[in-house]
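Novice: Contents of coords_30.txt (compact mmCIF, C-alpha atoms):
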```txt
# COMPACT_ATOMS: atom_id res chain seq x y z
CA MET P 28 18.01 16.23 -11.20
CA PRO P 29 17.26 13.94 -8.23
CA ASN P 30 19.71 11.19 -7.39
CA VAL P 31 17.44 8.34 -8.51
CA ASP P 32 20.15 5.77 -7.82
CA LEU P 33 19.01 6.00 -4.21
CA ILE P 34 15.67 4.57 -5.36
CA LEU P 35 17.05 1.99 -7.80
CA GLY P 36 19.67 0.42 -5.53
CA ALA P 37 19.25 -3.18 -4.35
CA GLU P 38 20.46 -4.90 -1.23
CA PRO P 39 23.55 -6.95 -2.22
CA SER P 40 22.87 -9.62 0.42
CA ARG P 41 19.32 -10.26 -0.68
CA LYS P 42 18.61 -13.86 -1.71
CA ARG P 43 17.39 -14.30 -5.26
CA ALA P 44 14.34 -16.43 -6.07
CA VAL P 45 15.62 -17.67 -9.44
CA ARG P 46 17.47 -20.98 -9.19
CA THR P 47 19.72 -20.34 -12.22
CA GLU P 48 20.48 -16.76 -13.24
CA PRO P 49 20.43 -16.45 -17.06
CA THR P 50 23.73 -15.37 -18.62
CA GLN P 51 22.69 -15.29 -22.27
CA ARG P 52 20.06 -13.22 -24.04
CA ARG P 53 18.08 -16.29 -25.07
CA SER P 54 17.98 -17.57 -21.49
CA THR P 55 16.89 -14.15 -20.24
CA GLN P 56 14.07 -14.11 -22.79
CA ARG P 57 13.01 -17.61 -21.73
CA LEU P 58 12.92 -16.58 -18.08
CA ASP P 59 10.90 -13.46 -18.93
CA ALA P 60 8.46 -15.60 -20.93
CA LEU P 61 7.92 -17.85 -17.91
CA LEU P 62 7.32 -14.87 -15.64
CA ASP P 63 5.02 -13.26 -18.22
CA ALA P 64 2.99 -16.48 -18.26
CA ALA P 65 2.87 -16.53 -14.46
CA ALA P 66 1.73 -12.90 -14.43
CA GLU P 67 -1.15 -13.66 -16.79
CA ILE P 68 -2.27 -16.56 -14.62
CA VAL P 69 -2.08 -14.45 -11.46
CA ASP P 70 -4.29 -11.79 -13.05
CA GLU P 71 -6.80 -14.38 -14.23
CA THR P 72 -7.05 -16.73 -11.26
CA GLY P 73 -5.09 -15.22 -8.36
CA PHE P 74 -1.67 -16.24 -7.10
CA GLU P 75 -3.09 -18.92 -4.79
CA ARG P 76 -3.94 -21.23 -7.71
CA LEU P 77 -0.71 -20.81 -9.65
CA THR P 78 1.20 -24.06 -10.38
CA THR P 79 4.43 -24.75 -12.24
CA GLN P 80 2.49 -26.89 -14.71
CA MET P 81 0.19 -23.98 -15.51
CA VAL P 82 3.22 -21.76 -16.10
CA ALA P 83 4.78 -24.32 -18.44
CA GLU P 84 1.57 -24.75 -20.44
CA ARG P 85 0.89 -21.02 -20.73
CA ALA P 86 4.49 -20.29 -21.78
CA GLY P 87 4.58 -23.20 -24.25
CA ALA P 88 7.55 -24.66 -22.41
CA SER P 89 8.35 -28.01 -20.88
CA ILE P 90 7.97 -28.53 -17.14
CA GLY P 91 11.70 -29.24 -17.12
CA THR P 92 12.37 -25.73 -18.39
CA VAL P 93 10.35 -24.29 -15.52
CA TYR P 94 12.24 -26.40 -12.98
CA ARG P 95 15.52 -25.27 -14.48
CA TYR P 96 14.81 -21.83 -13.04
CA PHE P 97 12.33 -22.48 -10.22
CA PRO P 98 12.22 -25.36 -7.72
CA ASP P 99 8.50 -24.84 -7.05
CA ARG P 100 5.52 -22.50 -7.46
CA VAL P 101 6.58 -20.41 -4.47
CA ALA P 102 9.85 -19.57 -6.20
CA VAL P 103 7.91 -18.53 -9.31
CA LEU P 104 5.84 -16.14 -7.23
CA HIS P 105 8.91 -14.76 -5.47
CA ALA P 106 10.63 -14.14 -8.80
CA LEU P 107 7.55 -12.47 -10.25
CA ARG P 108 7.31 -10.32 -7.15
CA GLU P 109 10.99 -9.35 -7.40
CA ARG P 110 10.51 -8.35 -11.03
CA SER P 111 7.40 -6.30 -10.23
CA ILE P 112 9.19 -4.49 -7.40
CA ARG P 113 12.19 -3.79 -9.63
CA ARG P 114 9.95 -2.43 -12.37
CA TYR P 115 8.11 -0.31 -9.83
CA ARG P 116 11.36 1.25 -8.64
CA GLU P 117 12.41 1.86 -12.22
CA ARG P 118 9.08 3.57 -12.90
CA VAL P 119 9.44 5.75 -9.81
CA ALA P 120 12.98 6.71 -10.86
CA ASP P 121 11.91 7.50 -14.44
CA ASP P 122 8.96 9.60 -13.25
CA MET P 123 11.15 11.49 -10.79
CA GLU P 124 13.58 12.37 -13.55
CA ARG P 125 10.67 13.83 -15.54
CA THR P 126 9.13 15.66 -12.57
CA GLU P 127 10.21 18.90 -10.95
CA LEU P 128 10.47 17.93 -7.31
CA SER P 129 9.67 21.24 -5.68
CA THR P 130 8.97 19.76 -2.25
CA TRP P 131 9.63 16.40 -0.70
CA TRP P 132 5.92 15.68 -0.80
CA ASP P 133 6.41 15.39 -4.59
CA VAL P 134 8.58 12.32 -3.94
CA VAL P 135 5.71 10.63 -2.12
CA ASP P 136 3.24 11.78 -4.77
CA VAL P 137 5.30 10.28 -7.59
CA ALA P 138 5.61 6.98 -5.70
CA LEU P 139 1.83 6.74 -5.22
CA ASP P 140 1.10 7.57 -8.86
CA ALA P 141 3.67 5.02 -10.04
CA CYS P 142 2.05 2.34 -7.89
CA ALA P 143 -1.37 3.00 -9.44
CA THR P 144 0.14 3.04 -12.93
CA LEU P 145 1.75 -0.37 -12.47
CA TYR P 146 -1.48 -1.87 -11.17
CA ARG P 147 -2.92 -0.83 -14.55
CA ASP P 148 0.03 -1.59 -16.82
CA GLU P 149 2.14 -4.34 -15.23
CA PRO P 150 0.61 -7.83 -15.49
CA GLY P 151 0.72 -9.68 -12.19
CA PHE P 152 1.63 -6.58 -10.19
CA SER P 153 -0.83 -7.55 -7.46
CA VAL P 154 1.66 -10.25 -6.45
CA VAL P 155 3.72 -7.58 -4.67
CA ASN P 156 1.30 -8.09 -1.79
CA ALA P 157 1.73 -11.88 -1.80
CA GLY P 158 4.62 -11.98 0.65
CA ARG P 159 6.28 -10.15 3.49
CA ARG P 160 7.59 -6.73 2.62
CA GLU P 161 11.38 -6.52 2.42
CA THR P 162 12.94 -4.62 5.30
CA ALA P 163 16.29 -2.88 5.45
CA ASP P 164 19.17 -4.49 7.31
CA GLY P 165 18.99 -3.84 11.03
CA ASP P 166 15.58 -2.17 10.86
CA ALA P 167 11.93 -3.19 10.77
CA GLU P 168 10.94 -0.47 8.30
CA PRO P 169 10.30 -1.33 4.62
CA GLU P 170 13.38 -1.16 2.45
CA PHE P 171 11.64 1.25 0.08
CA ALA P 172 10.92 3.61 2.99
CA HIS P 173 14.68 3.75 3.59
CA ARG P 174 15.32 4.54 -0.05
CA MET P 175 12.70 7.29 -0.11
CA ALA P 176 14.09 8.73 3.13
CA GLN P 177 17.62 8.76 1.70
CA LEU P 178 16.45 10.58 -1.42
CA ILE P 179 14.43 13.10 0.59
CA GLU P 180 17.36 13.77 2.93
CA HIS P 181 19.67 14.11 -0.07
CA GLU P 182 17.42 16.48 -2.03
CA PHE P 183 15.70 18.55 0.67
CA ASP P 184 16.66 20.24 3.90
CA LEU P 185 14.17 18.38 6.07
CA GLU P 186 14.23 18.99 9.80
CA SER P 187 13.37 15.48 10.93
CA ASP P 188 15.05 12.66 12.77
CA GLY P 189 16.10 9.98 10.26
CA ALA P 190 14.53 7.10 12.17
CA GLU P 191 11.30 9.07 12.57
CA LEU P 192 11.22 9.88 8.85
CA ARG P 193 11.69 6.22 7.93
CA PHE P 194 8.97 5.14 10.35
CA ARG P 195 6.46 7.68 9.03
CA LEU P 196 7.26 6.84 5.41
CA GLY P 197 6.88 3.15 6.24
CA VAL P 198 3.40 3.74 7.63
CA ALA P 199 2.57 5.96 4.63
CA ILE P 200 3.63 3.19 2.25
CA GLU P 201 1.38 0.68 4.01
CA LEU P 202 -1.58 3.09 3.96
CA GLY P 203 -1.16 4.04 0.33
CA ASP P 204 -0.50 0.52 -0.90
CA ALA P 205 -3.51 -0.95 0.92
CA LEU P 206 -5.91 1.63 -0.52
CA ILE P 207 -4.46 1.50 -4.03
CA SER P 208 -4.67 -2.29 -3.98
CA ARG P 209 -8.28 -2.07 -2.85
CA ALA P 210 -9.02 0.44 -5.63
CA PHE P 211 -8.05 -2.14 -8.24
CA GLU P 212 -9.98 -4.90 -6.50
CA ARG P 213 -13.10 -2.76 -6.81
CA ASP P 214 -12.48 -1.69 -10.40
CA ALA P 215 -10.01 -3.11 -12.93
CA ALA P 216 -9.22 0.44 -14.02
CA GLY P 217 -8.80 1.63 -10.43
CA ASP P 218 -11.62 3.09 -8.36
CA GLU P 219 -10.94 6.82 -8.59
CA ARG P 220 -12.46 7.60 -5.18
CA TYR P 221 -10.18 5.08 -3.47
CA LEU P 222 -7.15 6.39 -5.38
CA ALA P 223 -8.00 9.95 -4.36
CA GLU P 224 -8.49 8.89 -0.74
CA ALA P 225 -5.14 7.09 -0.79
CA LYS P 226 -3.38 10.34 -1.64
CA ARG P 227 -5.42 12.42 0.77
CA LEU P 228 -4.95 10.10 3.74
CA VAL P 229 -1.23 9.61 3.11
CA HIS P 230 -0.75 13.35 2.73
CA ASP P 231 -2.73 14.16 5.88
CA TYR P 232 -0.89 11.50 7.86
CA ILE P 233 2.52 12.81 6.84
CA ALA P 234 1.45 16.40 7.34
CA GLU P 235 0.24 15.63 10.87
CA HIS P 236 3.44 13.92 11.95
CA LEU P 237 6.01 15.79 9.87
CA GLY P 238 4.75 19.34 9.87
CA GLN P 239 6.97 20.56 7.05
CA ALA P 240 4.93 18.52 4.60
CA ARG P 241 1.85 20.60 5.43
CA ALA P 242 3.71 23.84 4.88
CA ALA P 243 5.12 22.58 1.59
CA SER P 244 1.69 21.54 0.40
CA ASN P 245 0.12 24.87 1.29
CA ALA P 246 2.83 26.70 -0.60
CA ALA P 247 2.33 24.60 -3.77
```
Please rewrite the model in this file as structure tokens.

Specialist:
Amino acid sequence: MPNVDLILGAEPSRKRAVRTEPTQRRSTQRLDALLDAAAEIVDETGFERLTTQMVAERAGASIGTVYRYFPDRVAVLHALRERSIRRYRERVADDMERTELSTWWDVVDVALDACATLYRDEPGFSVVNAGRRETADGDAEPEFAHRMAQLIEHEFDLESDGAELRFRLGVAIELGDALISRAFERDAAGDERYLAEAKRLVHDYIAEHLGQARAASNAA
């Protein structure tokens, strides 16, 4: 079984968007209700038009309740984005536990499929593209690229420089995410041609620069 904790981990120094972290179940449910309302609004109107008043009205809460957790609309969007990213990582980890990872390409494949699934199933998931992508400490590569690289290095005997692997995975993430996002802009269910091209282009890119991926794919 893959060590999915490498995917689930979070940076301890990362600043949280929520003003007051809930400590009781009722408070957690209230916070989730606010974010659920924000997610619905994002899907209906786009994140640019979101306001704290709209969140309060949709959630059936007072504006004071919203401000208890969020100082402004930007904080709402950041918190929704954090939740979507966390749920994405959880989905990737769950899918990896259910998948036989024969080659390290399977890790990338699962991540792409999970991304498409959350665009379908997770309200407001498009907000993950509303801000700058988190990067790992001391590096310009996406944090998730580091986590994927760690899992790949842990599970497979890959002959690749670590920095090179992170760079290539970072580029692959940007390619895949852009095309998957576009697929759901074209069709609410996901344009199948764009989704197929996302996988093909990411696979070909990785295969070109990290030759072992091509060999693994041909053997599958």

Novice: Choose the residue, out of P:Asp32, P:Asp136, P:Glu219, P:Asp70, that has the smallest atom-to-atom separation from Glu117 (chain P); count all atoms listed in the file.

Specialist: P:Asp32

Novice: Could you give me, as a Markdown table, every region 67-150 of chain P residue with an atom at most 12 Å from region 220-223 of chain P, plus its closest atom pair and distance in Å to one decimal, counting all atoms listed in the file, rows ordered by chain then number?

Specialist:
```
| residue | atom | partner | partner_atom | distance |
| --- | --- | --- | --- | --- |
| P:Asp136 | CA | P:Ala223 | CA | 11.4 |
| P:Leu139 | CA | P:Leu222 | CA | 9.0 |
| P:Asp140 | CA | P:Leu222 | CA | 9.0 |
| P:Ala141 | CA | P:Leu222 | CA | 11.9 |
| P:Cys142 | CA | P:Leu222 | CA | 10.4 |
| P:Ala143 | CA | P:Leu222 | CA | 7.8 |
| P:Thr144 | CA | P:Leu222 | CA | 11.0 |
| P:Tyr146 | CA | P:Leu222 | CA | 11.6 |
```

Novice: With distances taken over only C-alpha atoms, which of P:Val154, P:Ile90, P:Ala138, P:Ala190 is nearest to Leu104 (chain P)?

Specialist: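 Result for the nearest residue to Leu104 (chain P): P:Val154.
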
Novice: Out of P:Pro150, P:Met123, P:Arg114, P:Arg100, which residue has the shortest atom-to-atom distance to Ala66 (chain P) when counting only C-alpha atoms?

Specialist: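 Of all the options, P:Pro150 lies closest to Ala66 (chain P).
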
Novice: Taking (10.5, 8.8, 6.0) as a centre in this file's frame and 12 Å as the limit, can you find every polymer residue with an atom that close, using all atoms listed in the file, and give them as a PDB file with C-alpha atoms, in the frame of the given file?

Specialist:
```pdb
ATOM      1  CA  TRP P 131       9.630  16.400  -0.700  1.00  0.00           C
ATOM      2  CA  TRP P 132       5.920  15.680  -0.800  1.00  0.00           C
ATOM      3  CA  VAL P 134       8.580  12.320  -3.940  1.00  0.00           C
ATOM      4  CA  VAL P 135       5.710  10.630  -2.120  1.00  0.00           C
ATOM      5  CA  GLU P 168      10.940  -0.470   8.300  1.00  0.00           C
ATOM      6  CA  PRO P 169      10.300  -1.330   4.620  1.00  0.00           C
ATOM      7  CA  GLU P 170      13.380  -1.160   2.450  1.00  0.00           C
ATOM      8  CA  PHE P 171      11.640   1.250   0.080  1.00  0.00           C
ATOM      9  CA  ALA P 172      10.920   3.610   2.990  1.00  0.00           C
ATOM     10  CA  HIS P 173      14.680   3.750   3.590  1.00  0.00           C
ATOM     11  CA  ARG P 174      15.320   4.540  -0.050  1.00  0.00           C
ATOM     12  CA  MET P 175      12.700   7.290  -0.110  1.00  0.00           C
ATOM     13  CA  ALA P 176      14.090   8.730   3.130  1.00  0.00           C
ATOM     14  CA  GLN P 177      17.620   8.760   1.700  1.00  0.00           C
ATOM     15  CA  LEU P 178      16.450  10.580  -1.420  1.00  0.00           C
ATOM     16  CA  ILE P 179      14.430  13.100   0.590  1.00  0.00           C
ATOM     17  CA  GLU P 180      17.360  13.770   2.930  1.00  0.00           C
ATOM     18  CA  LEU P 185      14.170  18.380   6.070  1.00  0.00           C
ATOM     19  CA  GLU P 186      14.230  18.990   9.800  1.00  0.00           C
ATOM     20  CA  SER P 187      13.370  15.480  10.930  1.00  0.00           C
ATOM     21  CA  ASP P 188      15.050  12.660  12.770  1.00  0.00           C
ATOM     22  CA  GLY P 189      16.100   9.980  10.260  1.00  0.00           C
ATOM     23  CA  ALA P 190      14.530   7.100  12.170  1.00  0.00           C
ATOM     24  CA  GLU P 191      11.300   9.070  12.570  1.00  0.00           C
ATOM     25  CA  LEU P 192      11.220   9.880   8.850  1.00  0.00           C
ATOM     26  CA  ARG P 193      11.690   6.220   7.930  1.00  0.00           C
ATOM     27  CA  PHE P 194       8.970   5.140  10.350  1.00  0.00           C
ATOM     28  CA  ARG P 195       6.460   7.680   9.030  1.00  0.00           C
ATOM     29  CA  LEU P 196       7.260   6.840   5.410  1.00  0.00           C
ATOM     30  CA  GLY P 197       6.880   3.150   6.240  1.00  0.00           C
ATOM     31  CA  VAL P 198       3.400   3.740   7.630  1.00  0.00           C
ATOM     32  CA  ALA P 199       2.570   5.960   4.630  1.00  0.00           C
ATOM     33  CA  ILE P 200       3.630   3.190   2.250  1.00  0.00           C
ATOM     34  CA  TYR P 232      -0.890  11.500   7.860  1.00  0.00           C
ATOM     35  CA  ILE P 233       2.520  12.810   6.840  1.00  0.00           C
ATOM     36  CA  ALA P 234       1.450  16.400   7.340  1.00  0.00           C
ATOM     37  CA  HIS P 236       3.440  13.920  11.950  1.00  0.00           C
ATOM     38  CA  LEU P 237       6.010  15.790   9.870  1.00  0.00           C
ATOM     39  CA  ALA P 240       4.930  18.520   4.600  1.00  0.00           C
TER      40      ALA P 240
END
```

Novice: Between P:Val155, P:Val69, P:Val31, P:Val93, single out the one closest to Ser54 (chain P), counting all atoms listed in the file.

Specialist: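 Distance minimum relative to Ser54 (chain P) lands on P:Val93.
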